[in-house]
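Peer 1: One structure follows; several queries about it will come next.
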Amino acid sequence: MTVEDLDPLIHAPARLRIIATLAALPPGDALSFTRLQEMIGLTPGNLITHLRRLEAGGYVDTGKTGNGSSSLTTVTITVAGRAALDVYRRNLLRLLGDL
């Protein structure tokens, strides 16, 4: 097992923090974009960029309610995202066990 065997979509530090934070929630629960941003410590633009990559990979879903200043964007991890994180975790443990 090598580092190249780790999922590159999750392996980026910011995306790993996003996925791990969302995975800590009970299945089906969501975080608001603002709360996730506060927890992760990314700028809004940086967080949006990472979320788009994770969403394109099928690992997170985003939803928007309302419009204008009263809109709320929420983020949830998908079943595929949880499964990908589980595989990533197992592979990382295997890699570290080979040290």
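The chains in the structure tokens are called A, B, ... from first to last as shown; in each chain the residues are counted from 1, and the ligands are counted from 1 in the order shown.
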As a ChimeraX atom specification, which residues of chain A does DSSP assign to strand (DSSP E or B)?

Peer 2: /A:31-32,60-65,72-77

Peer 1: Do a neighbour search on Leu96 in chain A at 12 Å with only C-alpha atoms, toss out local chain neighbours closer than 5 positions, and write the hits as a list of chain:residue names.

Peer 2: A:Met1, A:Thr2, A:Val3, A:Leu6, A:Arg89, A:Arg90, A:Asn91

Peer 1: Would you list the contacts of Met39 in chain A as a list of chain:residue names, taking every protein, DNA or RNA residue within 12 Å and counting only C-alpha atoms, but skipping same-chain residues closer than 3 positions in sequence?

Peer 2: A:Ala14, A:Arg17, A:Ile18, A:Ala20, A:Thr21, A:Leu22, A:Leu31, A:Ser32, A:Phe33, A:Thr34, A:Arg35, A:Leu36, A:Leu42, A:Thr43, A:Leu47

Peer 1: May I have the residues within 12 Å of Ala56 in chain A as a PyMOL selection string, using only C-alpha atoms and disregarding those fewer than 5 positions away in the same chain?

Peer 2: chain A and resi 9+49-51+61-62+78+80-81

Peer 1: Could you turn the residues from that selection into a file that holds N, CA and C atoms, as an mmCIF file, in the first residue's frame?

Peer 2:
data_model
loop_
_atom_site.group_PDB
_atom_site.id
_atom_site.type_symbol
_atom_site.label_atom_id
_atom_site.label_comp_id
_atom_site.auth_asym_id
_atom_site.auth_seq_id
_atom_site.Cartn_x
_atom_site.Cartn_y
_atom_site.Cartn_z
ATOM 1 N N LEU A 9 -9.468 12.563 -3.736
ATOM 2 C CA LEU A 9 -10.539 13.521 -3.470
ATOM 3 C C LEU A 9 -10.665 13.794 -1.975
ATOM 4 N N THR A 49 -15.099 25.976 -3.170
ATOM 5 C CA THR A 49 -14.301 25.224 -4.136
ATOM 6 C C THR A 49 -14.187 23.761 -3.729
ATOM 7 N N HIS A 50 -13.879 23.505 -2.466
ATOM 8 C CA HIS A 50 -13.736 22.129 -1.987
ATOM 9 C C HIS A 50 -15.080 21.400 -1.993
ATOM 10 N N LEU A 51 -16.141 22.090 -1.611
ATOM 11 C CA LEU A 51 -17.463 21.457 -1.616
ATOM 12 C C LEU A 51 -17.885 21.081 -3.035
ATOM 13 N N ASP A 61 -23.783 16.448 -0.493
ATOM 14 C CA ASP A 61 -24.907 17.126 -1.138
ATOM 15 C C ASP A 61 -25.052 18.493 -0.488
ATOM 16 N N THR A 62 -25.363 19.477 -1.300
ATOM 17 C CA THR A 62 -25.671 20.800 -0.768
ATOM 18 C C THR A 62 -27.097 21.146 -1.158
ATOM 19 N N THR A 78 -23.002 12.171 1.875
ATOM 20 C CA THR A 78 -23.827 11.147 1.246
ATOM 21 C C THR A 78 -23.413 9.764 1.740
ATOM 22 N N ALA A 80 -22.370 7.486 -0.204
ATOM 23 C CA ALA A 80 -21.107 7.248 -0.920
ATOM 24 C C ALA A 80 -19.940 7.946 -0.231
ATOM 25 N N GLY A 81 -20.182 9.126 0.318
ATOM 26 C CA GLY A 81 -19.144 9.854 1.037
ATOM 27 C C GLY A 81 -18.719 9.129 2.301
#

Peer 1: Name the residues of chain A that come out as helix (DSSP H, G or I) in a backbone DSSP run; write them as number ranges by chain.

Peer 2: A: 3-5, 8-11, 13-23, 33-40, 44-56, 68-70, 79-97

Peer 1: Return the single residue from A:Leu72, A:Ile77, A:Leu95, A:Ile10 that is closest to Ala24 in chain A, with distances computed using only C-alpha atoms.

Peer 2: A:Ile77

Peer 1: Which value, in Å to one decimal, gives the distance between CA of Tyr88 in chain A and CA of Arg15 in chain A?

Peer 2: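 According to the coordinates, CA of Tyr88 in chain A and CA of Arg15 in chain A are separated by 12.4 Å.
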
Peer 1: Using Å and a single decimal, report how far CA of Thr74 in chain A sits from CA of Ala30 in chain A.

Peer 2: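 Answer for the CA of Ala30 in chain A to CA of Thr74 in chain A separation: 6.0 Å.
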
Peer 1: One decimal, Å: what's the distance from CA of Gly63 in chain A over to CA of Val75 in chain A, could you say?

Peer 2: 6.6 Å

Peer 1: With distances taken over only C-alpha atoms, which residue among A:Ser71, A:Thr76, A:Asn46, A:Gln37 lies nearest Tyr59 in chain A?

Peer 2: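 Checking each of A:Ser71, A:Thr76, A:Asn46, A:Gln37 against Tyr59 in chain A, counting only C-alpha atoms, the winner is A:Thr76.
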